[in-house]
Amino acid sequence: MKKNLKPSRSVCYSRRSFQQKSLQLVLAAHIPWSSFSAKADDTSTSWQEDTTLLKITSPKQRKVLVNIYGNASIKPGKVKLSIPTLAENGHSVALDAWVEHPMETQNFVKNLQIFTEKNPLPQVAKFTFTPQVAKASVSTRIRLADTQHILAITELSDGSFWYDTTKTIVTLAACADPYL
Amino acid sequence: MIKTVRIAIPREAKKGEVIEIKTLVSHPMESGFRPGPTGKIVPRNIIKFFICQYLDQEVFKLEYFPAIAANPFLRFHIQALKSGTVKFIWIDQHQQQHTESRYLTVNDQ
Amino acid sequence: MISEMSEKALTNRRIFKSCFLSLLLWITGCTSQETLLSPTLEVADDQLISHLTLPIVSGKHFQSKDTQSLQADDFANPGMLWVDKGLQLWETPPSTLSPSCAKCHSNNLQFKTVATRYPVYSSSKKRVINLEQRINQCREQQQMQPTWAYESQELLSITAYIANLSRGMPFSVTVNTQSLPFLLQGQDYYYTRRGQLNLACFHCHENYVGTQLRGDKLSQGHGNGYPAYRLEWQTLGSLHRRLRACDIGVRAEAYSLGSTEYVNLELYLAWRAQNLTIETPAVRR
């Protein structure tokens, strides 16, 4: 009976192939694998790589954000946005926003901006604070064209940016009400 | 043009106390996207800026956009440091200004 | 499988199918629009009625919590801007020769309840008039000034101010031999179908109270909060403006602001609301 004397590839390791494989492993260990996953809390990451922000913003809104913030890193947190989940009328929706951050002379909240996803103009308001404000908490009433996400971005005196987002459903009136 | 203004600010405060200020002004805040009775778009007519000055220094500023509701309401805070005038200035897109002042008495205790 | 069924089984199957279809058609027929709405009501000419069987409830309870809290906030309620303006008009003499409203009416303690009594029969005009028309009558005859146009900012402001004085007080319109014919005309309007949609007021505001009409919850249709700040208008408006909106909503030809039809209807609504309190300036969507 003829025996199959040829050894299988998996069994035969020469010194050369062992050296090649070891070199590959060492090189692989030096590749920055972490940079391939988009992490929102990575300080060096642009806001344009934040999947949440990409999901809740429209292309028109993103153009405005690029004009204002460039490629800065905008992290979730510090700012809180409160809007009713269901808005009875899009002409006047209550908005409360506050930033959980001290307001000291050298360390304070510089500004707070509100943006919308589906309004004809994405910008809604820009609140500019000074340390004399003492509490970065504001309320106003805004117009919402449609059911959409609202985005609040705050800039601190240390140059960092933080955001919060919420979604509101806007219902339609029953009957068309003409001018008068 | 702003015709009626409501301002809620305490007359007195303790030194260092954070006070809440509320304002309500009558203004149509015409967005510039709404069709009028003839079907033509009504031109934009909004307030552009609100500035609060305390002791002659600008402490708070708000830049309005058309998405702010008509007859805008605003609530914000300032810290009472010294007795003095708190000035409220509204500037619309036509550069017309409307100013209101209130005197705040700050007690040392 | 069908080929294996006997002829009898096939017939039974067909009978069952046709019975089921008939039942389905009957159910659809029962729930058709015509049957859901009550038939045209037969009302005697001299009989005052209201078919509102539910407890009388203000329109504010049919608004969202945000809208209700906006109305309750006396500072942030946008309608109060008109009340402030109304107070200014109340106290300012229109000219050096004319008295201000305050000069004649400030000492009259009963004046605070005046909005609860309107619309009222006017012996000079031989018809019922509402608060706006009474203000204009005063302006013309006592102040010697031109009347304010209906829905003008001045008339809205002064009406809002006077109605606000009666806030918290119940309606108390007079029903007597003089006002009854006009009250019945208002009632007739309320129960008459109109417009392309062929609906009367009672169809929505009695039969479907509490149900959704798109994003709106149907109220009982009381006018106790008017002049009211409507979010849809982004301004304060009169009851007649709201009635016009309703008529246009059912694709009917709307009457003009201040027309006798709407004043009669306003009187009927004030009677129908019974002891509902005035809420001017209300906030509605």
# chains A, B, ... in the order shown; residues from 1 in each chain; ligands from 1

call {"tool": "interface_residues", "arguments": {"of": "chain A", "to": "chain C", "cutoff": "10 Å", "atoms": "only C-alpha atoms", "output": "PyMOL selection string"}}
result
chain A and resi 83-84+86-94+170-180

call {"tool": "residues_around", "arguments": {"residues": "Leu81 in chain C", "least_positions_apart": "2", "cutoff": "10 Å", "atoms": "only C-alpha atoms", "output": "ChimeraX atom specification"}}
result
/B:3-6,24-26,71 /C:75-79,83-86,157,160-161,236,281

call {"tool": "residues_around", "arguments": {"residues": "Glu100 in chain B", "least_positions_apart": "4", "cutoff": "9 Å", "atoms": "only C-alpha atoms", "output": "PyMOL selection string"}}
result
chain B and resi 5+7+86-90

call {"tool": "write_last_selection", "arguments": {"atoms": "N, CA and C atoms", "output": "JSON list (two decimals), in the first residue's frame"}}
result
[["chain", "number", "residue", "atom", "x", "y", "z"],
["B", 5, "VAL", "N", -43.87, 96.05, 26.75],
["B", 5, "VAL", "CA", -42.79, 95.26, 27.35],
["B", 5, "VAL", "C", -43.18, 94.89, 28.77],
["B", 7, "ILE", "N", -41.35, 93.26, 32.20],
["B", 7, "ILE", "CA", -40.08, 92.83, 32.79],
["B", 7, "ILE", "C", -40.34, 92.41, 34.23],
["B", 86, "VAL", "N", -30.14, 98.21, 35.85],
["B", 86, "VAL", "CA", -30.09, 97.09, 34.92],
["B", 86, "VAL", "C", -30.80, 97.57, 33.66],
["B", 87, "LYS", "N", -30.08, 97.56, 32.57],
["B", 87, "LYS", "CA", -30.65, 98.08, 31.30],
["B", 87, "LYS", "C", -30.97, 96.93, 30.37],
["B", 88, "PHE", "N", -32.10, 97.04, 29.69],
["B", 88, "PHE", "CA", -32.51, 96.01, 28.73],
["B", 88, "PHE", "C", -32.64, 96.68, 27.36],
["B", 89, "ILE", "N", -31.88, 96.18, 26.39],
["B", 89, "ILE", "CA", -31.89, 96.80, 25.06],
["B", 89, "ILE", "C", -32.28, 95.76, 24.03],
["B", 90, "TRP", "N", -33.29, 96.11, 23.23],
["B", 90, "TRP", "CA", -33.68, 95.25, 22.12],
["B", 90, "TRP", "C", -33.34, 95.97, 20.83]]

call {"tool": "closest_residue", "arguments": {"among": "B:Glu20, B:Asp92, B:Asp56, B:Asp108", "to": "chain A", "atoms": "only C-alpha atoms"}}
result
B:Glu20

call {"tool": "closest_residue", "arguments": {"among": "A:Gln123, A:Gly159, A:Thr154, A:Phe18", "to": "Lys78 in chain A", "atoms": "only C-alpha atoms"}}
result
A:Thr154

call {"tool": "closest_atom_pairs", "arguments": {"of": "chain A", "to": "chain B", "cutoff": "6 Å", "atoms": "only C-alpha atoms", "output": "JSON lines"}}
result
{"residue": "A:Ser92", "atom": "CA", "partner": "B:Ala69", "partner_atom": "CA", "distance": 5.3}
{"residue": "A:Val124", "atom": "CA", "partner": "B:Ala67", "partner_atom": "CA", "distance": 5.2}
{"residue": "A:Ala125", "atom": "CA", "partner": "B:Tyr64", "partner_atom": "CA", "distance": 5.2}
{"residue": "A:Lys126", "atom": "CA", "partner": "B:Glu63", "partner_atom": "CA", "distance": 5.0}
{"residue": "A:Phe127", "atom": "CA", "partner": "B:Leu62", "partner_atom": "CA", "distance": 4.6}
{"residue": "A:Thr128", "atom": "CA", "partner": "B:Lys61", "partner_atom": "CA", "distance": 5.0}
{"residue": "A:Phe129", "atom": "CA", "partner": "B:Phe60", "partner_atom": "CA", "distance": 5.1}
{"residue": "A:Thr130", "atom": "CA", "partner": "B:Val59", "partner_atom": "CA", "distance": 5.4}
{"residue": "A:Gln132", "atom": "CA", "partner": "B:Gln79", "partner_atom": "CA", "distance": 5.6}
{"residue": "A:Val133", "atom": "CA", "partner": "B:Ile78", "partner_atom": "CA", "distance": 4.1}
{"residue": "A:Ala134", "atom": "CA", "partner": "B:Gln79", "partner_atom": "CA", "distance": 5.6}
{"residue": "A:Val138", "atom": "CA", "partner": "B:Phe76", "partner_atom": "CA", "distance": 4.9}
{"residue": "A:Ser139", "atom": "CA", "partner": "B:Arg75", "partner_atom": "CA", "distance": 4.9}
{"residue": "A:Thr140", "atom": "CA", "partner": "B:Leu74", "partner_atom": "CA", "distance": 4.7}
{"residue": "A:Arg141", "atom": "CA", "partner": "B:Ala69", "partner_atom": "CA", "distance": 5.5}
{"residue": "A:Ile142", "atom": "CA", "partner": "B:Ile68", "partner_atom": "CA", "distance": 4.3}
{"residue": "A:Arg143", "atom": "CA", "partner": "B:Ala67", "partner_atom": "CA", "distance": 4.9}
{"residue": "A:Tyr179", "atom": "CA", "partner": "B:Pro37", "partner_atom": "CA", "distance": 5.5}

call {"tool": "write_last_selection", "arguments": {"atoms": "C-alpha atoms", "output": "PDB file, in the first residue's frame"}}
result
ATOM      1  CA  SER A  92     -44.623  78.346  20.071  1.00  0.00           C
ATOM      2  CA  VAL A 124     -32.503  79.241  16.529  1.00  0.00           C
ATOM      3  CA  ALA A 125     -30.721  81.298  19.178  1.00  0.00           C
ATOM      4  CA  LYS A 126     -27.282  82.170  20.534  1.00  0.00           C
ATOM      5  CA  PHE A 127     -27.007  83.020  24.232  1.00  0.00           C
ATOM      6  CA  THR A 128     -23.751  84.744  25.230  1.00  0.00           C
ATOM      7  CA  PHE A 129     -22.855  84.703  28.928  1.00  0.00           C
ATOM      8  CA  THR A 130     -20.344  86.432  31.176  1.00  0.00           C
ATOM      9  CA  GLN A 132     -21.763  87.955  36.079  1.00  0.00           C
ATOM     10  CA  VAL A 133     -24.619  85.783  34.829  1.00  0.00           C
ATOM     11  CA  ALA A 134     -23.758  83.316  37.619  1.00  0.00           C
ATOM     12  CA  VAL A 138     -32.252  80.108  30.035  1.00  0.00           C
ATOM     13  CA  SER A 139     -35.833  79.696  28.842  1.00  0.00           C
ATOM     14  CA  THR A 140     -37.560  80.929  25.751  1.00  0.00           C
ATOM     15  CA  ARG A 141     -40.165  79.813  23.214  1.00  0.00           C
ATOM     16  CA  ILE A 142     -39.250  78.674  19.709  1.00  0.00           C
ATOM     17  CA  ARG A 143     -40.869  77.739  16.403  1.00  0.00           C
ATOM     18  CA  TYR A 179     -54.968  85.175   7.569  1.00  0.00           C
TER      19      TYR A 179
END

call {"tool": "residues_around", "arguments": {"residues": "range 183-185 of chain C", "least_positions_apart": "3", "cutoff": "9 Å", "atoms": "only C-alpha atoms", "output": "PyMOL selection string"}}
result
chain C and resi 45-48+128+175+179-180+188-190+261+264-268+271

call {"tool": "closest_residue", "arguments": {"among": "C:Thr116, C:Gln88, C:Thr260, C:Thr280", "to": "chain B", "atoms": "only C-alpha atoms"}}
result
C:Gln88

call {"tool": "select_by_dssp", "arguments": {"residues": "range 43-98 of chain B", "states": "strand (DSSP E or B)", "output": "VMD selection string"}}
result
chain B and resid 45 47 to 54 57 to 64 68 73 to 79 84 to 92 97 to 98

call {"tool": "residues_around", "arguments": {"residues": "Asn45 in chain B", "least_positions_apart": "6", "cutoff": "8 Å", "atoms": "only C-alpha atoms", "output": "ChimeraX atom specification"}}
result
/B:28-32,92-93

call {"tool": "atom_distance", "arguments": {"atom1": "CA of Ser101 in chain B", "atom2": "CA of Thr85 in chain B"}}
result
6.5 Å

call {"tool": "atom_distance", "arguments": {"atom1": "CA of Ala13 in chain B", "atom2": "CA of Lys82 in chain B"}}
result
9.5 Å

call {"tool": "closest_residue", "arguments": {"among": "C:Lys17, C:Val209, C:His105, C:Trp82", "to": "chain B", "atoms": "only C-alpha atoms"}}
result
C:Trp82

call {"tool": "atom_distance", "arguments": {"atom1": "CA of Cys204 in chain C", "atom2": "CA of His222 in chain C"}}
result
12.3 Å

call {"tool": "residues_around", "arguments": {"residues": "range 48-65 of chain A", "least_positions_apart": "4", "cutoff": "6 Å", "atoms": "only C-alpha atoms", "output": "PyMOL selection string"}}
result
chain A and resi 40+69+117+122+149

call {"tool": "select_by_dssp", "arguments": {"residues": "chain A", "states": "helix (DSSP H, G or I)", "output": "short mmCIF file (atom, residue, chain, number, x, y, z; two decimals) with C-alpha atoms, in the first residue's frame"}}
result
data_model
loop_
_atom_site.label_atom_id
_atom_site.label_comp_id
_atom_site.auth_asym_id
_atom_site.auth_seq_id
_atom_site.Cartn_x
_atom_site.Cartn_y
_atom_site.Cartn_z
CA ARG A 15 12.65 28.73 10.72
CA ARG A 16 12.13 31.24 7.90
CA SER A 17 8.33 31.12 8.07
CA PHE A 18 8.48 31.35 11.86
CA GLN A 19 10.55 34.51 11.61
CA GLN A 20 8.15 35.99 9.04
CA LYS A 21 5.11 35.33 11.22
CA SER A 22 6.77 36.79 14.35
CA LEU A 23 7.66 39.97 12.46
CA GLN A 24 4.03 40.31 11.28
CA LEU A 25 2.76 40.03 14.86
CA VAL A 26 5.19 42.66 16.15
CA LEU A 27 4.25 45.06 13.37
CA ALA A 28 0.53 44.46 13.94
CA ALA A 29 0.91 45.37 17.60
CA TRP A 33 -6.42 49.98 16.11
CA SER A 34 -8.37 52.36 18.38
CA SER A 35 -8.34 55.14 15.80
CA PHE A 36 -10.54 53.05 13.47
CA TRP A 47 -17.71 66.25 15.78
CA GLN A 48 -18.26 65.05 12.21
CA GLU A 49 -17.26 61.57 13.32
CA THR A 51 -22.46 58.98 14.93
CA THR A 52 -25.16 60.50 17.17
CA LEU A 53 -24.60 63.96 15.79
CA LEU A 54 -24.58 62.65 12.24
CA LYS A 55 -27.87 60.85 12.84
CA ILE A 56 -29.78 63.84 14.29
CA PRO A 59 -26.96 68.22 5.65
CA LYS A 60 -28.06 71.91 5.71
CA GLN A 61 -27.59 71.97 9.48
CA ARG A 62 -24.16 70.33 9.23
CA LYS A 63 -22.98 73.07 6.83
CA VAL A 64 -23.93 75.69 9.44
CA LEU A 65 -22.17 73.70 12.17
CA VAL A 66 -19.01 73.47 10.06
CA ASN A 67 -19.08 77.25 9.57
CA ILE A 68 -19.36 77.85 13.31
CA TYR A 69 -17.41 74.98 14.84
CA PRO A 131 -19.29 85.33 34.69
CA GLN A 132 -21.76 87.96 36.08
CA VAL A 133 -24.62 85.78 34.83
#

call {"tool": "closest_residue", "arguments": {"among": "C:Asn207, C:Ser166, C:Gln153, C:Thr159", "to": "chain B", "atoms": "only C-alpha atoms"}}
result
C:Gln153
